[in-house]
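Quick look at query_38.tsv (TSV, C-alpha atoms):
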chain	number	residue	atom	x	y	z
V	1	MET	CA	99.80	-12.58	78.20
V	2	ILE	CA	96.41	-13.05	76.60
V	3	THR	CA	95.69	-11.00	73.49
V	4	GLY	CA	92.15	-10.32	72.15
V	5	LYS	CA	91.09	-11.79	68.79
V	6	ARG	CA	89.56	-9.54	66.14
V	7	SER	CA	86.00	-10.68	65.28
V	8	CYS	CA	85.32	-11.68	61.66
V	9	GLY	CA	82.68	-9.61	59.73
V	10	PHE	CA	82.00	-6.27	58.08
V	11	THR	CA	81.92	-2.89	59.63
V	12	LEU	CA	78.85	-0.66	59.33
V	13	ILE	CA	80.63	1.54	56.79
V	14	GLU	CA	81.46	-1.48	54.63
V	15	LEU	CA	77.84	-2.65	54.75
V	16	LEU	CA	76.54	0.79	53.77
V	17	LEU	CA	79.08	1.01	50.97
V	18	GLY	CA	78.10	-2.43	49.68
V	19	LEU	CA	74.39	-1.57	49.80
V	20	ALA	CA	75.05	1.68	47.93
V	21	LEU	CA	76.96	-0.15	45.20
V	22	LEU	CA	74.22	-2.79	44.96
V	23	ALA	CA	71.55	-0.09	44.65
V	24	LEU	CA	73.58	1.65	41.94
V	25	MET	CA	73.97	-1.61	40.01
V	26	MET	CA	70.23	-2.34	40.28
V	27	LEU	CA	69.45	1.17	39.10
V	28	MET	CA	71.72	0.76	36.08
V	29	ILE	CA	70.20	-2.64	35.25
V	30	SER	CA	66.68	-1.24	35.58
V	31	ALA	CA	67.52	1.72	33.32
V	32	SER	CA	69.06	-0.62	30.74
V	33	LEU	CA	66.00	-2.89	30.77
V	34	THR	CA	63.65	0.09	30.46
V	35	PHE	CA	65.64	1.45	27.51
V	36	ALA	CA	65.68	-1.98	25.85
V	37	ILE	CA	61.92	-2.40	26.29
V	38	ARG	CA	61.22	1.07	24.90
V	39	SER	CA	63.52	0.43	21.95
V	40	TRP	CA	61.79	-2.88	21.31
V	41	ASP	CA	58.33	-1.27	21.50
V	42	THR	CA	59.42	1.55	19.18
V	43	GLY	CA	60.90	-0.89	16.69
V	44	ASP	CA	57.84	-3.11	16.86
V	45	ALA	CA	55.55	-0.10	16.32
V	46	ARG	CA	57.58	1.02	13.30
V	47	ILE	CA	57.52	-2.47	11.82
V	48	THR	CA	53.75	-2.64	12.31
V	49	GLU	CA	53.32	0.80	10.78
V	50	ALA	CA	55.54	-0.08	7.82
V	51	ALA	CA	53.57	-3.28	7.21
V	52	HIS	CA	50.29	-1.36	7.37
V	53	LEU	CA	51.58	1.28	4.94
V	54	ARG	CA	52.59	-1.45	2.51
V	55	VAL	CA	49.04	-2.82	2.67
V	56	VAL	CA	47.66	0.69	2.03
V	57	ASP	CA	50.10	1.14	-0.86
V	58	THR	CA	48.92	-2.12	-2.45
V	59	PHE	CA	45.27	-1.22	-1.85
V	60	LEU	CA	45.57	2.22	-3.46
V	61	ARG	CA	47.44	0.79	-6.46
V	62	ARG	CA	44.72	-1.77	-7.02
V	63	GLU	CA	41.93	0.73	-6.38
V	64	LEU	CA	43.15	3.52	-8.66
V	65	GLY	CA	44.78	1.17	-11.14
V	66	GLU	CA	41.28	-0.04	-12.08
V	67	VAL	CA	39.72	3.42	-12.52
V	68	PHE	CA	37.12	3.17	-15.28
V	69	PRO	CA	36.25	6.19	-17.46
V	70	VAL	CA	32.50	5.85	-17.07
V	71	ARG	CA	30.51	8.85	-18.30
V	72	TRP	CA	27.60	10.46	-16.50
V	73	ARG	CA	24.16	9.71	-17.89
V	74	GLY	CA	21.35	12.17	-18.45
V	75	ILE	CA	23.54	15.21	-19.05
V	76	PRO	CA	23.96	16.90	-22.44
V	77	GLU	CA	27.77	16.83	-22.52
V	78	SER	CA	30.02	13.81	-22.38
V	79	LYS	CA	31.85	13.93	-19.05
V	80	ILE	CA	33.95	11.29	-17.33
V	81	ALA	CA	33.10	10.64	-13.67
V	82	PHE	CA	36.52	11.55	-12.33
V	83	ASP	CA	37.40	14.60	-10.20
V	84	GLY	CA	40.93	15.07	-8.95
V	85	GLY	CA	41.83	17.65	-6.33
V	86	GLN	CA	45.01	18.34	-4.42
V	87	GLN	CA	43.64	16.76	-1.23
V	88	GLU	CA	40.86	14.51	-2.50
V	89	ILE	CA	40.01	12.34	-5.47
V	90	LYS	CA	36.67	10.98	-6.68
V	91	PHE	CA	36.54	8.16	-9.20
V	92	VAL	CA	34.74	5.07	-10.46
V	93	THR	CA	36.61	1.79	-10.35
V	94	ALA	CA	36.01	-1.55	-12.02
V	95	LEU	CA	37.61	-3.31	-9.05
V	96	ASN	CA	34.63	-5.14	-7.61
V	97	ILE	CA	34.88	-5.96	-3.90
V	98	ASP	CA	31.18	-6.75	-3.66
V	99	ALA	CA	30.12	-9.82	-5.61
V	100	ALA	CA	26.49	-8.68	-5.38
V	101	ALA	CA	27.18	-5.28	-6.93
V	102	GLY	CA	25.23	-4.57	-10.05
V	103	ASP	CA	25.94	-2.50	-13.14
V	104	GLY	CA	28.94	-4.55	-14.19
V	105	GLY	CA	30.49	-4.33	-10.74
V	106	LEU	CA	31.40	-0.63	-11.00
V	107	GLN	CA	32.08	1.05	-7.66
V	108	TRP	CA	32.51	4.73	-6.84
V	109	GLY	CA	35.25	5.87	-4.49
V	110	HIS	CA	36.27	9.01	-2.65
V	111	ILE	CA	39.68	9.36	-0.99
V	112	SER	CA	40.15	12.36	1.30
V	113	LEU	CA	41.32	13.62	4.69
V	114	GLY	CA	38.97	13.80	7.65
V	115	SER	CA	38.83	14.44	11.36
V	116	ASP	CA	39.38	11.33	13.46
V	117	GLU	CA	39.43	10.35	17.14
V	118	LYS	CA	40.79	7.42	19.12
V	119	ASN	CA	41.11	7.00	22.88
V	120	GLY	CA	40.11	10.63	23.41
V	121	GLU	CA	42.81	11.91	21.03
V	122	ARG	CA	41.79	13.90	17.96
V	123	PHE	CA	43.85	13.85	14.77
V	124	THR	CA	43.54	13.77	10.97
V	125	SER	CA	43.32	10.52	9.01
V	126	LEU	CA	43.13	9.43	5.40
V	127	PHE	CA	39.75	7.88	4.59
V	128	ILE	CA	38.10	6.14	1.66
V	129	GLN	CA	34.39	5.98	0.94
V	130	ARG	CA	33.23	3.31	-1.44
V	131	GLY	CA	29.88	2.10	-2.70
V	132	ARG	CA	27.93	0.72	-5.61
V	133	PHE	CA	27.85	3.11	-8.53
V	134	ASP	CA	24.34	4.22	-9.47
V	135	GLN	CA	23.92	3.91	-13.23
V	136	PHE	CA	21.39	6.74	-13.20
V	137	ALA	CA	23.57	9.18	-11.24
V	138	LYS	CA	24.24	12.51	-12.94
V	139	GLU	CA	26.86	13.82	-10.50
V	140	TRP	CA	28.63	12.93	-7.28
V	141	SER	CA	25.93	14.41	-5.05
V	142	ASP	CA	23.46	11.87	-6.45
V	143	LEU	CA	25.45	8.99	-4.96
V	144	ALA	CA	24.44	7.71	-1.54
V	145	GLU	CA	26.94	8.46	1.23
V	146	THR	CA	28.65	5.53	2.88
V	147	LYS	CA	30.64	5.24	6.08
V	148	PRO	CA	34.29	6.29	5.63
V	149	VAL	CA	36.94	3.64	6.24
V	150	ARG	CA	40.23	4.73	7.81
V	151	LEU	CA	43.32	4.00	5.71
V	152	VAL	CA	46.11	5.91	7.49
V	153	GLU	CA	45.87	7.80	10.77
V	154	HIS	CA	47.86	10.77	12.10
V	155	VAL	CA	48.28	12.30	8.66
V	156	LYS	CA	49.93	15.72	8.69
V	157	GLN	CA	49.72	16.46	4.99
V	158	LEU	CA	48.20	14.93	1.84
V	159	GLU	CA	49.19	15.96	-1.66
V	160	ILE	CA	47.76	14.40	-4.83
V	161	GLN	CA	49.19	15.19	-8.25
V	162	TYR	CA	48.17	14.12	-11.75
V	163	PHE	CA	50.24	13.51	-14.87
V	164	GLY	CA	48.65	13.75	-18.29
V	165	ALA	CA	47.95	15.86	-21.34
V	166	GLU	CA	44.96	18.13	-21.84
V	167	ASN	CA	44.48	16.87	-25.41
V	168	ASP	CA	46.24	14.91	-28.14
V	169	THR	CA	48.35	17.88	-29.26
V	170	THR	CA	49.83	18.99	-25.91
V	171	ASP	CA	52.61	17.46	-23.85
V	172	ALA	CA	51.82	15.60	-20.66
V	173	LYS	CA	52.76	17.36	-17.40
V	174	TRP	CA	52.17	17.19	-13.65
V	175	SER	CA	49.36	19.29	-12.15
V	176	ASP	CA	47.72	19.67	-8.73
V	177	GLU	CA	44.18	19.18	-10.05
V	178	TRP	CA	42.47	17.18	-12.75
V	179	ASN	CA	39.07	18.37	-13.95
V	180	ASN	CA	39.32	17.45	-17.62
V	181	PRO	CA	35.85	16.13	-18.55
V	182	MET	CA	37.08	14.13	-21.55
V	183	ARG	CA	40.34	12.54	-20.42
V	184	LEU	CA	41.86	10.63	-17.53
V	185	PRO	CA	45.37	11.30	-16.23
V	186	GLN	CA	48.06	8.79	-17.06
V	187	LEU	CA	49.53	8.77	-13.55
V	188	VAL	CA	48.37	9.69	-10.05
V	189	LYS	CA	50.92	10.46	-7.33
V	190	ILE	CA	49.91	10.43	-3.66
V	191	THR	CA	52.29	11.91	-1.09
V	192	LEU	CA	51.62	11.49	2.64
V	193	LYS	CA	53.39	13.05	5.61
V	194	LEU	CA	52.63	11.75	9.09
V	195	ASP	CA	52.52	13.66	12.36
V	196	HIS	CA	55.69	12.08	13.74
V	197	GLY	CA	57.66	13.37	10.76
V	198	ARG	CA	58.53	10.06	9.13
V	199	ASP	CA	58.95	10.36	5.37
V	200	ILE	CA	56.87	7.99	3.24
V	201	PRO	CA	57.89	7.41	-0.38
V	202	PRO	CA	55.31	8.86	-2.80
V	203	ILE	CA	52.87	6.36	-4.28
V	204	VAL	CA	52.82	6.67	-8.08
V	205	ILE	CA	49.94	4.79	-9.72
V	206	SER	CA	49.46	4.14	-13.42
V	207	LEU	CA	45.84	4.12	-14.60
V	208	ARG	CA	45.40	1.01	-16.71
V	209	VAL	CA	42.28	1.99	-18.64
V	210	GLY	CA	42.41	5.00	-20.96
V	211	GLU	CA	39.68	7.50	-21.66
V	212	GLU	CA	39.04	5.80	-25.03
V	213	ALA	CA	37.23	2.95	-23.25
V	214	GLY	CA	33.62	3.02	-24.38
V	215	CYS	CA	34.48	5.24	-27.35
V	216	TYR	CA	34.70	4.36	-31.01
V	217	ASP	CA	36.71	5.84	-33.85
V	218	THR	CA	35.23	6.99	-37.13
V	219	GLY	CA	37.17	7.98	-40.18
V	220	PHE	CA	37.30	11.54	-38.92
V	221	ALA	CA	37.25	11.62	-35.11
V	222	ARG	CA	36.76	9.67	-31.93
V	223	GLN	CA	33.17	9.58	-30.69
V	224	CYS	CA	32.50	9.30	-26.95
V	225	GLY	CA	29.05	9.46	-25.50
V	226	ALA	CA	27.25	8.83	-22.25
V	227	ARG	CA	27.46	5.32	-20.87
V	228	ARG	CA	24.80	2.94	-22.09
V	229	ALA	CA	22.77	0.77	-19.72

Can the structure in the file be given as structure tokens, please?
Amino acid sequence: MITGKRSCGFTLIELLLGLALLALMMLMISASLTFAIRSWDTGDARITEAAHLRVVDTFLRRELGEVFPVRWRGIPESKIAFDGGQQEIKFVTALNIDAAAGDGGLQWGHISLGSDEKNGERFTSLFIQRGRFDQFAKEWSDLAETKPVRLVEHVKQLEIQYFGAENDTTDAKWSDEWNNPMRLPQLVKITLKLDHGRDIPPIVISLRVGEEAGCYDTGFARQCGARRA
């Protein structure tokens, strides 16, 4: 009696089941790779952002650390060229980034928020304007405008605070503005919040030059006048 032999191979159901399992495995591998790539890109972006913020931190410390208490010329009262607001600050710095700058290398600066755009997206950025300080300027409006330079983009909130005393007999304290014509603050604190919600440690800067620069003491009082040429 001759019996039939069963042919070796897979049935259609087994093939379909194997293909389904293979497709599921490929899907899981693809999802894992996509997640890994996104995680890598996110981590790389955060590292780049952190490095950039460290550069900005160093820049602001150098910039404001060299604030010089220059006094306006041609006005009857003695007034230091320094205006501090809660969201902007105007100052004169002795940090010379232009070797050809005149007047002892003094530069004026203005740090503030402004509207920005990149790749069709509009947002708010932190900018600085900087230029040669005009020795004949009487106020900020007399200074020529320069092109703003972006420091930090996608800024949600900027807060600037100032620590100092109003005079020699009062205690130093923090305030949101600094408009004292005769004194500079001892400290400036800049707090930034970005659009994506990441917290940035406040930048606290100590001003190295006091308001007594350019002044002289008599036997009775300190005398401070307009800056000499």

Would you kindly identify which residues have an atom no farther than 10 Å from (48.3, 3.8, -6.0), using all atoms listed in the file and the file's own coordinates, and write them out as a VMD selection string?
chain V and resid 56 to 65 187 to 190 202 to 207

Quick one: pull the distance between atom CA of Ser115 of chain V and atom CA of Leu151 of chain V, Å, one decimal.
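Separation of atom CA of Ser115 of chain V and atom CA of Leu151 of chain V: 12.7 Å.
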
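Of the listed residues V:Arg38, V:Lys156, V:Arg130, V:Arg150, the one whose atoms come nearest to Phe91 of chain V is V:Arg130, with distances taken using all atoms listed in the file.
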
Contact residues around Val67 of chain V with only C-alpha atoms at 12 Å, ignoring same-chain residues under 4 positions, as a VMD selection string
chain V and resid 60 to 63 80 to 83 89 to 96 106 to 110 184 to 188 205 to 211 213

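Take atom CA of Arg183 of chain V and atom CA of Trp72 of chain V: the distance between them is 13.5 Å.
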
Between V:Ile37, V:Leu12, V:Leu192, V:Val152, smallest distance to Gln87 of chain V by all atoms listed in the file belongs to V:Leu192

Restricting the calculation to all atoms listed in the file, which member of V:Glu14, V:Glu66, V:Glu121, V:Glu88 is positioned closest to Gln161 of chain V?
V:Glu88

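Take atom CA of Gly74 of chain V and atom CA of Lys138 of chain V: the distance between them is 6.2 Å.
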
Contacts of Pro148 of chain V at 6 Å or less, counting only C-alpha atoms, minus same-chain residues fewer than 5 places along, as a list in words?
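In the requested format, the answer is Phe127, Ile128 and Gln129 of chain V.
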
Name the residues in contact with Gln157 of chain V at a cut-off of 7 Å, using all atoms listed in the file, excluding same-chain residues fewer than 2 positions from it; report them as an MDAnalysis selection string.
chainID V and resid 155 159 192:194

Take the point (51.1, 17.5, -18.8) in the file's coordinates, draw a sphere of radius 12 Å around it, and report as an mmCIF file with C-alpha atoms, in the frame of the given file every protein, DNA or RNA residue with an atom inside or on it, counting all atoms listed in the file.
data_model
loop_
_atom_site.group_PDB
_atom_site.id
_atom_site.type_symbol
_atom_site.label_atom_id
_atom_site.label_comp_id
_atom_site.auth_asym_id
_atom_site.auth_seq_id
_atom_site.Cartn_x
_atom_site.Cartn_y
_atom_site.Cartn_z
ATOM 1 C CA GLN V 161 49.190 15.190 -8.250
ATOM 2 C CA TYR V 162 48.170 14.120 -11.750
ATOM 3 C CA PHE V 163 50.240 13.510 -14.870
ATOM 4 C CA GLY V 164 48.650 13.750 -18.290
ATOM 5 C CA ALA V 165 47.950 15.860 -21.340
ATOM 6 C CA GLU V 166 44.960 18.130 -21.840
ATOM 7 C CA ASN V 167 44.480 16.870 -25.410
ATOM 8 C CA ASP V 168 46.240 14.910 -28.140
ATOM 9 C CA THR V 169 48.350 17.880 -29.260
ATOM 10 C CA THR V 170 49.830 18.990 -25.910
ATOM 11 C CA ASP V 171 52.610 17.460 -23.850
ATOM 12 C CA ALA V 172 51.820 15.600 -20.660
ATOM 13 C CA LYS V 173 52.760 17.360 -17.400
ATOM 14 C CA TRP V 174 52.170 17.190 -13.650
ATOM 15 C CA SER V 175 49.360 19.290 -12.150
ATOM 16 C CA ASP V 176 47.720 19.670 -8.730
ATOM 17 C CA GLU V 177 44.180 19.180 -10.050
ATOM 18 C CA TRP V 178 42.470 17.180 -12.750
ATOM 19 C CA ASN V 180 39.320 17.450 -17.620
ATOM 20 C CA ARG V 183 40.340 12.540 -20.420
ATOM 21 C CA LEU V 184 41.860 10.630 -17.530
ATOM 22 C CA PRO V 185 45.370 11.300 -16.230
ATOM 23 C CA GLN V 186 48.060 8.790 -17.060
ATOM 24 C CA LEU V 187 49.530 8.770 -13.550
#
